[in-house]
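Asker: Have a look at this one.
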Amino acid sequence: MKLRHVVAAGMALAFACPAPAQQKEIKIGFIYDVTGPFAGGGSEPAQLGTKAAVDLFNEKGGVEGYRINAVFADAQSKVDIAINEMTRLIDQEKVDLIMGVYSSAQCVPMVQQIDARKKFLWVNVCIATAVFKDRQLSYVFRPQAHSDQFGAWSCDYINHYAKSKFGVEAKQLKVAIIHEDGPYGVGVAAGNESQCKKHGMQIVLKEGYSGTARDLSSLVTKLKREQPDVLLHTGYNPDITLFLRQAKEQGLKFKAVIGHGAGHSQIDRLRATFGEDVNYLHSVESAASQLLDPKTLKPGVWAMTQEMIKRYQAIKGPGEPSPHVSIGFNNTWILLNDVLPRAIRKYGGIDSEALRKAALDTDIPVGGTMQGYGVKFYPPGNPLAGQNERAFPVITQYVNGRARIVWPKEMQTTDPVLPFPKGHTFAQ
């Protein structure tokens, strides 16, 4: 009898004691490409940067008491799979919001669908201006710069140095524009064409090609015929590699080559194939954070860059992170450090409406992020509603595998080498 009473009392006590409170969580679905051609063009490094930022916040207790439950999906460098993964993450995984997305070809159709469902999408990487232009999206936001800016930036750079470096007026320079024919390439090329024309440059060729092309020799032949001084190229890693190989084989020459992110920012991959031949090539891209002068950043921001580098090297070993690592880390950090806390504190939660309002309140000055730009989103009614109006890219030039910022002037860390030095494989 005594034993029975003791057991009964123990059971009663057990039921009377509340279970430990379970930590709240916010479930985020991340879509990147870790297989297929986009992986090597920057998507995999962007995911690595994103994971590092998520881990950092979780180690510090999450965001306002919410642990981040990250669910990563592989879009496999295919548009249909990216859309299917978005649907799966929302309907089956029941995520609170979607982040990531490397390819503009995936972004353009995705944003319309997710916005119609009133689900929140934070775009980390893709740059096509067409993602936002005249679409009046309510629940999609992008801190990253857009393709019109990328395209204009390279023309402004060449215009600035036409006289001092090339020894001619800008209107005497012959420019060729080639690009992969998806939204990313088309968007940047449109920016190239518009801005170069404003500077009076001669556009001798503008041509797109399939990013999966297996032969670009006819394009090389056209370029040899037109003999441009400057090549503006937008592509991914496989097509850039194919083009440079066939250009070298056919003896194509330029005074300068400027790429626009993606494959042109993965200099380690290009050097592995072409060695010293890719010295003095350029890339327009959101800055690799470690290349910035800490004095241009707000207090505390440089410490985040150091944290990113430490975490990157713990996985990849010694070496400089590519710009896409910074893109993934920085843009995730902006959401977790600025937008999410405000949504929870000011707007009462993590639903799409709270996140939308919190994003529209974001007001980070220039120098307040790890990539140097500020954050303020164009409001509803603006043709680019949801796009960060304070974002900007930089232009880097590669010398012996090391990137240095050469544009804009106020962020420059080295004087550019223009034109290609004598003896360079592609020098005219």
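Ordered as shown in the structure tokens, chains take letters A, B, and onward, while each chain numbers its residues from 1 and ligands are numbered from 1 in the order shown.
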Taking 2 positions as the minimum chain separation for residues in the same chain, which residues sit within 8 Å of A:Ser103 when counting only C-alpha atoms? Answer as a PyMOL selection string.
Answerer: chain A and resi 38+77+101+105-107+125-126+184
Asker: What does the file look like for those residues with N, CA and C atoms, as an mmCIF file, in the first residue's frame?
Answerer:
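So the final result, stored in result26.cif, reads:
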```
data_model
loop_
_atom_site.group_PDB
_atom_site.id
_atom_site.type_symbol
_atom_site.label_atom_id
_atom_site.label_comp_id
_atom_site.auth_asym_id
_atom_site.auth_seq_id
_atom_site.Cartn_x
_atom_site.Cartn_y
_atom_site.Cartn_z
ATOM 1 N N PHE A 38 25.503 26.477 -62.271
ATOM 2 C CA PHE A 38 25.403 27.658 -61.413
ATOM 3 C C PHE A 38 26.176 27.491 -60.109
ATOM 4 N N SER A 77 20.472 24.124 -60.669
ATOM 5 C CA SER A 77 20.727 24.999 -61.826
ATOM 6 C C SER A 77 19.623 24.915 -62.872
ATOM 7 N N VAL A 101 18.314 32.163 -53.802
ATOM 8 C CA VAL A 101 18.063 32.233 -55.248
ATOM 9 C C VAL A 101 19.225 32.944 -55.963
ATOM 10 N N ALA A 105 17.281 33.796 -63.946
ATOM 11 C CA ALA A 105 16.312 32.999 -64.707
ATOM 12 C C ALA A 105 15.332 32.302 -63.770
ATOM 13 N N GLN A 106 15.776 31.992 -62.552
ATOM 14 C CA GLN A 106 14.890 31.417 -61.540
ATOM 15 C C GLN A 106 14.091 32.510 -60.836
ATOM 16 N N CYS A 107 14.735 33.620 -60.556
ATOM 17 C CA CYS A 107 14.090 34.708 -59.802
ATOM 18 C C CYS A 107 12.883 35.296 -60.528
ATOM 19 N N VAL A 125 20.884 37.002 -54.059
ATOM 20 C CA VAL A 125 21.950 36.982 -55.058
ATOM 21 C C VAL A 125 21.542 37.508 -56.430
ATOM 22 N N CYS A 126 20.476 36.993 -57.026
ATOM 23 C CA CYS A 126 20.180 37.298 -58.441
ATOM 24 C C CYS A 126 20.049 38.806 -58.656
ATOM 25 N N TYR A 184 19.598 37.433 -66.653
ATOM 26 C CA TYR A 184 20.818 38.018 -66.084
ATOM 27 C C TYR A 184 21.667 38.669 -67.170
#
```
Asker: Which residues, written as a VMD selection string, have at least one atom at most 9 Å from A:Met411, with only C-alpha atoms counted and residues fewer than 2 positions away on the same chain left out?
Answerer: chain A and resid 292 to 293 296 394 405 to 409 413
Asker: If we count only C-alpha atoms and set the cut-off at 12 Å, which residues sit around A:Pro299, ignoring sequence neighbours fewer than 6 positions away in its own chain? Please answer as an mmCIF file with C-alpha atoms, in the first residue's frame.
Answerer:
```
data_model
loop_
_atom_site.group_PDB
_atom_site.id
_atom_site.type_symbol
_atom_site.label_atom_id
_atom_site.label_comp_id
_atom_site.auth_asym_id
_atom_site.auth_seq_id
_atom_site.Cartn_x
_atom_site.Cartn_y
_atom_site.Cartn_z
ATOM 1 C CA THR A 305 33.784 40.546 -42.073
ATOM 2 C CA PRO A 365 23.335 54.263 -44.186
ATOM 3 C CA GLY A 367 28.940 51.952 -44.995
ATOM 4 C CA GLY A 368 26.516 50.171 -42.699
ATOM 5 C CA THR A 369 26.779 46.744 -44.352
ATOM 6 C CA MET A 370 29.697 44.409 -44.943
#
```
Asker: Run DSSP on the backbone of this structure and report the residues of stretch 295-369 of chain A it assigns to helix (DSSP H, G or I), as an MDAnalysis selection string.
Answerer: chainID A and resid 295:296 301:316 323:347 352:360
Asker: Counting only C-alpha atoms, which residue out of A:Gly42, A:Gly317, A:Pro379, A:Gly374 sits closest to A:Ala391?
Answerer: A:Gly374
Asker: Output as a ChimeraX atom specification all residues of stretch 105-312 of chain A that backbone DSSP marks as strand (DSSP E or B).
Answerer: /A:120-123,140-142,174-180,202-209,230-234,254,256-259,282-285
Asker: Fewer than 3 positions away in the same chain doesn't count, so skip those; otherwise give me all residues within 10 Å of A:Asp134, counting only C-alpha atoms, as a list in words.
Answerer: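 Final neighbour list, sorted by chain and number: Thr129, Ala130, Val131, Leu137, Gly381, Asn382, Pro383, Leu384 and Ala385 of chain A.
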Asker: Keeping only N, CA and C atoms, take the residues you just selected and write them out as a short mmCIF file (atom, residue, chain, number, x, y, z; two decimals), in the first residue's frame.
Answerer:
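The resulting selection-v7.cif:
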```cif
data_model
loop_
_atom_site.label_atom_id
_atom_site.label_comp_id
_atom_site.auth_asym_id
_atom_site.auth_seq_id
_atom_site.Cartn_x
_atom_site.Cartn_y
_atom_site.Cartn_z
N THR A 129 17.39 43.35 -63.25
CA THR A 129 16.46 44.45 -62.98
C THR A 129 15.03 44.02 -63.23
N ALA A 130 14.84 43.11 -64.18
CA ALA A 130 13.50 42.63 -64.55
C ALA A 130 12.80 41.90 -63.42
N VAL A 131 13.53 41.50 -62.37
CA VAL A 131 12.90 40.86 -61.22
C VAL A 131 11.88 41.81 -60.58
N LEU A 137 5.70 44.40 -56.74
CA LEU A 137 5.69 43.30 -55.78
C LEU A 137 5.55 43.85 -54.36
N GLY A 381 4.58 51.56 -55.29
CA GLY A 381 4.30 52.61 -56.27
C GLY A 381 5.49 52.97 -57.12
N ASN A 382 6.70 52.74 -56.62
CA ASN A 382 7.91 52.99 -57.39
C ASN A 382 8.08 51.87 -58.42
N PRO A 383 8.60 52.18 -59.62
CA PRO A 383 8.80 51.12 -60.63
C PRO A 383 9.69 49.98 -60.15
N LEU A 384 10.56 50.26 -59.16
CA LEU A 384 11.44 49.22 -58.63
C LEU A 384 11.09 48.89 -57.18
N ALA A 385 9.82 48.92 -56.84
CA ALA A 385 9.38 48.65 -55.47
C ALA A 385 9.97 47.35 -54.96
#
```
Asker: Would you kindly return, as a PDB file with N, CA and C atoms, in the first residue's frame, each protein, DNA or RNA residue with an atom no farther than 6 Å from any atom of A:His282, considering only C-alpha atoms and excluding same-chain residues fewer than 6 positions away?
Answerer:
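Below you can see selection.pdb, which holds the result:
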```pdb
ATOM      1  N   ILE A 258      36.067  43.215 -69.371  1.00  0.00           N
ATOM      2  CA  ILE A 258      35.335  43.442 -68.125  1.00  0.00           C
ATOM      3  C   ILE A 258      34.167  42.471 -68.078  1.00  0.00           C
ATOM      4  N   GLY A 259      34.160  41.612 -67.073  1.00  0.00           N
ATOM      5  CA  GLY A 259      33.041  40.711 -66.836  1.00  0.00           C
ATOM      6  C   GLY A 259      32.095  41.316 -65.814  1.00  0.00           C
ATOM      7  N   THR A 396      36.394  45.089 -59.673  1.00  0.00           N
ATOM      8  CA  THR A 396      37.688  44.584 -59.229  1.00  0.00           C
ATOM      9  C   THR A 396      38.516  44.190 -60.439  1.00  0.00           C
ATOM     10  N   GLN A 397      39.831  44.289 -60.272  1.00  0.00           N
ATOM     11  CA  GLN A 397      40.757  43.792 -61.289  1.00  0.00           C
ATOM     12  C   GLN A 397      41.647  42.742 -60.629  1.00  0.00           C
TER      13      GLN A 397
END
```
Asker: Name the residues in contact with A:His324 at a cut-off of 10 Å, using only C-alpha atoms, excluding same-chain residues fewer than 6 positions from it; report them as a list in words.
Answerer: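 The residues that qualify are Gly41, Gly42, Ser43, Glu44, Pro45, Ala46, Gln47, Leu48, Gly49, Thr50, Tyr102, Asn124, Val125, Gly261, Ala262, Ser265, Gln266, Glu285, Ser286, Ala287, Ala288, Ser289 and Asn330 of chain A.
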Asker: The selected residues should be written to file as a PDB file, in the first residue's frame (atoms: N, CA, C and O atoms).
Answerer:
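Writing done, so here's part.pdb:
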```
ATOM      1  N   GLY A  41      29.466  28.863 -60.569  1.00  0.00           N
ATOM      2  CA  GLY A  41      29.413  30.273 -60.931  1.00  0.00           C
ATOM      3  C   GLY A  41      29.213  31.187 -59.742  1.00  0.00           C
ATOM      4  O   GLY A  41      29.181  32.404 -59.896  1.00  0.00           O
ATOM      5  N   GLY A  42      29.039  30.602 -58.550  1.00  0.00           N
ATOM      6  CA  GLY A  42      28.900  31.434 -57.359  1.00  0.00           C
ATOM      7  C   GLY A  42      27.804  31.024 -56.404  1.00  0.00           C
ATOM      8  O   GLY A  42      27.749  31.489 -55.267  1.00  0.00           O
ATOM      9  N   SER A  43      26.900  30.134 -56.840  1.00  0.00           N
ATOM     10  CA  SER A  43      25.775  29.780 -55.979  1.00  0.00           C
ATOM     11  C   SER A  43      26.215  28.998 -54.751  1.00  0.00           C
ATOM     12  O   SER A  43      25.733  29.244 -53.637  1.00  0.00           O
ATOM     13  N   GLU A  44      27.133  28.050 -54.940  1.00  0.00           N
ATOM     14  CA  GLU A  44      27.603  27.268 -53.794  1.00  0.00           C
ATOM     15  C   GLU A  44      28.344  28.139 -52.777  1.00  0.00           C
ATOM     16  O   GLU A  44      28.093  28.038 -51.575  1.00  0.00           O
ATOM     17  N   PRO A  45      29.250  29.047 -53.207  1.00  0.00           N
ATOM     18  CA  PRO A  45      29.868  29.949 -52.231  1.00  0.00           C
ATOM     19  C   PRO A  45      28.852  30.847 -51.521  1.00  0.00           C
ATOM     20  O   PRO A  45      29.007  31.150 -50.333  1.00  0.00           O
ATOM     21  N   ALA A  46      27.812  31.278 -52.237  1.00  0.00           N
ATOM     22  CA  ALA A  46      26.779  32.101 -51.603  1.00  0.00           C
ATOM     23  C   ALA A  46      26.059  31.319 -50.510  1.00  0.00           C
ATOM     24  O   ALA A  46      25.750  31.860 -49.438  1.00  0.00           O
ATOM     25  N   GLN A  47      25.779  30.042 -50.781  1.00  0.00           N
ATOM     26  CA  GLN A  47      25.139  29.213 -49.752  1.00  0.00           C
ATOM     27  C   GLN A  47      26.067  29.041 -48.550  1.00  0.00           C
ATOM     28  O   GLN A  47      25.618  29.069 -47.403  1.00  0.00           O
ATOM     29  N   LEU A  48      27.359  28.883 -48.805  1.00  0.00           N
ATOM     30  CA  LEU A  48      28.309  28.748 -47.715  1.00  0.00           C
ATOM     31  C   LEU A  48      28.281  29.995 -46.823  1.00  0.00           C
ATOM     32  O   LEU A  48      28.285  29.891 -45.592  1.00  0.00           O
ATOM     33  N   GLY A  49      28.258  31.182 -47.442  1.00  0.00           N
ATOM     34  CA  GLY A  49      28.181  32.419 -46.674  1.00  0.00           C
ATOM     35  C   GLY A  49      26.894  32.521 -45.884  1.00  0.00           C
ATOM     36  O   GLY A  49      26.881  32.958 -44.720  1.00  0.00           O
ATOM     37  N   THR A  50      25.792  32.115 -46.495  1.00  0.00           N
ATOM     38  CA  THR A  50      24.497  32.135 -45.822  1.00  0.00           C
ATOM     39  C   THR A  50      24.498  31.219 -44.601  1.00  0.00           C
ATOM     40  O   THR A  50      24.048  31.602 -43.513  1.00  0.00           O
ATOM     41  N   TYR A 102      20.007  32.166 -56.646  1.00  0.00           N
ATOM     42  CA  TYR A 102      21.200  32.656 -57.338  1.00  0.00           C
ATOM     43  C   TYR A 102      20.897  33.187 -58.740  1.00  0.00           C
ATOM     44  O   TYR A 102      21.356  34.255 -59.130  1.00  0.00           O
ATOM     45  N   ASN A 124      18.770  37.117 -52.105  1.00  0.00           N
ATOM     46  CA  ASN A 124      20.162  37.352 -51.724  1.00  0.00           C
ATOM     47  C   ASN A 124      21.093  37.644 -52.892  1.00  0.00           C
ATOM     48  O   ASN A 124      22.034  38.406 -52.742  1.00  0.00           O
ATOM     49  N   VAL A 125      20.884  37.002 -54.059  1.00  0.00           N
ATOM     50  CA  VAL A 125      21.950  36.982 -55.058  1.00  0.00           C
ATOM     51  C   VAL A 125      21.542  37.508 -56.430  1.00  0.00           C
ATOM     52  O   VAL A 125      22.216  38.357 -56.994  1.00  0.00           O
ATOM     53  N   GLY A 261      30.316  39.855 -62.706  1.00  0.00           N
ATOM     54  CA  GLY A 261      29.937  38.909 -61.663  1.00  0.00           C
ATOM     55  C   GLY A 261      29.888  37.473 -62.145  1.00  0.00           C
ATOM     56  O   GLY A 261      30.522  37.081 -63.128  1.00  0.00           O
ATOM     57  N   ALA A 262      29.101  36.663 -61.431  1.00  0.00           N
ATOM     58  CA  ALA A 262      28.920  35.231 -61.726  1.00  0.00           C
ATOM     59  C   ALA A 262      30.261  34.562 -62.024  1.00  0.00           C
ATOM     60  O   ALA A 262      31.157  34.591 -61.206  1.00  0.00           O
ATOM     61  N   SER A 265      33.613  36.299 -61.423  1.00  0.00           N
ATOM     62  CA  SER A 265      34.036  36.528 -60.042  1.00  0.00           C
ATOM     63  C   SER A 265      34.685  35.301 -59.412  1.00  0.00           C
ATOM     64  O   SER A 265      35.241  35.393 -58.315  1.00  0.00           O
ATOM     65  N   GLN A 266      34.608  34.162 -60.068  1.00  0.00           N
ATOM     66  CA  GLN A 266      35.203  32.934 -59.545  1.00  0.00           C
ATOM     67  C   GLN A 266      36.613  32.782 -60.122  1.00  0.00           C
ATOM     68  O   GLN A 266      36.898  31.900 -60.921  1.00  0.00           O
ATOM     69  N   GLU A 285      30.898  43.487 -59.545  1.00  0.00           N
ATOM     70  CA  GLU A 285      30.234  42.619 -58.572  1.00  0.00           C
ATOM     71  C   GLU A 285      30.039  43.378 -57.274  1.00  0.00           C
ATOM     72  O   GLU A 285      30.747  44.355 -57.011  1.00  0.00           O
ATOM     73  N   SER A 286      29.079  42.947 -56.469  1.00  0.00           N
ATOM     74  CA  SER A 286      29.033  43.437 -55.101  1.00  0.00           C
ATOM     75  C   SER A 286      30.354  43.050 -54.439  1.00  0.00           C
ATOM     76  O   SER A 286      30.880  41.971 -54.666  1.00  0.00           O
ATOM     77  N   ALA A 287      30.877  43.929 -53.613  1.00  0.00           N
ATOM     78  CA  ALA A 287      32.243  43.790 -53.131  1.00  0.00           C
ATOM     79  C   ALA A 287      32.460  42.529 -52.305  1.00  0.00           C
ATOM     80  O   ALA A 287      31.612  42.159 -51.490  1.00  0.00           O
ATOM     81  N   ALA A 288      33.606  41.878 -52.512  1.00  0.00           N
ATOM     82  CA  ALA A 288      34.090  40.907 -51.541  1.00  0.00           C
ATOM     83  C   ALA A 288      34.467  41.712 -50.300  1.00  0.00           C
ATOM     84  O   ALA A 288      35.332  42.595 -50.364  1.00  0.00           O
ATOM     85  N   SER A 289      33.822  41.445 -49.183  1.00  0.00           N
ATOM     86  CA  SER A 289      33.906  42.338 -48.025  1.00  0.00           C
ATOM     87  C   SER A 289      35.329  42.581 -47.554  1.00  0.00           C
ATOM     88  O   SER A 289      35.664  43.687 -47.108  1.00  0.00           O
ATOM     89  N   ASN A 330      26.434  38.597 -46.054  1.00  0.00           N
ATOM     90  CA  ASN A 330      25.983  39.964 -45.788  1.00  0.00           C
ATOM     91  C   ASN A 330      24.476  40.113 -45.910  1.00  0.00           C
ATOM     92  O   ASN A 330      23.817  40.693 -45.036  1.00  0.00           O
TER      93      ASN A 330
END
```
Asker: Excluding A:Leu418 and any residue of its chain fewer than 6 positions from it, enumerate the residues within 8 Å of it, using only C-alpha atoms, and give them as a PyMOL selection string.
Answerer: chain A and resi 165-166+255-256
Asker: Mind writing the picked residues with N, CA, C and O atoms as an mmCIF file, in the first residue's frame?
Answerer:
```cif
data_model
loop_
_atom_site.group_PDB
_atom_site.id
_atom_site.type_symbol
_atom_site.label_atom_id
_atom_site.label_comp_id
_atom_site.auth_asym_id
_atom_site.auth_seq_id
_atom_site.Cartn_x
_atom_site.Cartn_y
_atom_site.Cartn_z
ATOM 1 N N LYS A 165 44.236 56.498 -69.689
ATOM 2 C CA LYS A 165 44.813 55.154 -69.799
ATOM 3 C C LYS A 165 44.894 54.655 -71.246
ATOM 4 O O LYS A 165 45.890 54.045 -71.649
ATOM 5 N N PHE A 166 43.814 54.899 -72.010
ATOM 6 C CA PHE A 166 43.791 54.405 -73.394
ATOM 7 C C PHE A 166 44.324 55.436 -74.385
ATOM 8 O O PHE A 166 44.590 55.115 -75.547
ATOM 9 N N LYS A 255 42.003 45.462 -75.608
ATOM 10 C CA LYS A 255 42.741 46.325 -74.688
ATOM 11 C C LYS A 255 42.290 46.100 -73.246
ATOM 12 O O LYS A 255 43.051 46.344 -72.310
ATOM 13 N N ALA A 256 41.046 45.640 -73.082
ATOM 14 C CA ALA A 256 40.527 45.358 -71.743
ATOM 15 C C ALA A 256 39.334 44.422 -71.844
ATOM 16 O O ALA A 256 38.584 44.471 -72.818
#
```
Asker: Could you check the closest approach to A:Leu223 for each of A:Ile334, A:Ala176, A:Val71, A:Ile344 and tell me which residue wins, using only C-alpha atoms?
Answerer: A:Ala176
Asker: Here is a test: counting only C-alpha atoms, which residue of A:Val284, A:Val230, A:Val339, A:Ala359 is nearest to A:Gln428?
Answerer: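 Result for the nearest residue to A:Gln428: A:Val230.
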Asker: Just to confirm, what's the straight-line distance from atom CA of A:Phe243 to atom CA of A:Val220 in Å (one decimal)?
Answerer: 7.7 Å
Asker: State, in Å with one decimal place, the distance from atom CA of A:Glu226 to atom CA of A:Val204.
Answerer: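 Straight-line distance from atom CA of A:Glu226 to atom CA of A:Val204 works out to 6.3 Å.
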Asker: Ranking A:Leu244, A:Tyr373, A:Trp333, A:Asn237 by minimum distance to A:Leu297 and counting only C-alpha atoms, which one comes first?
Answerer: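 The answer is A:Tyr373, which sits nearest to A:Leu297.
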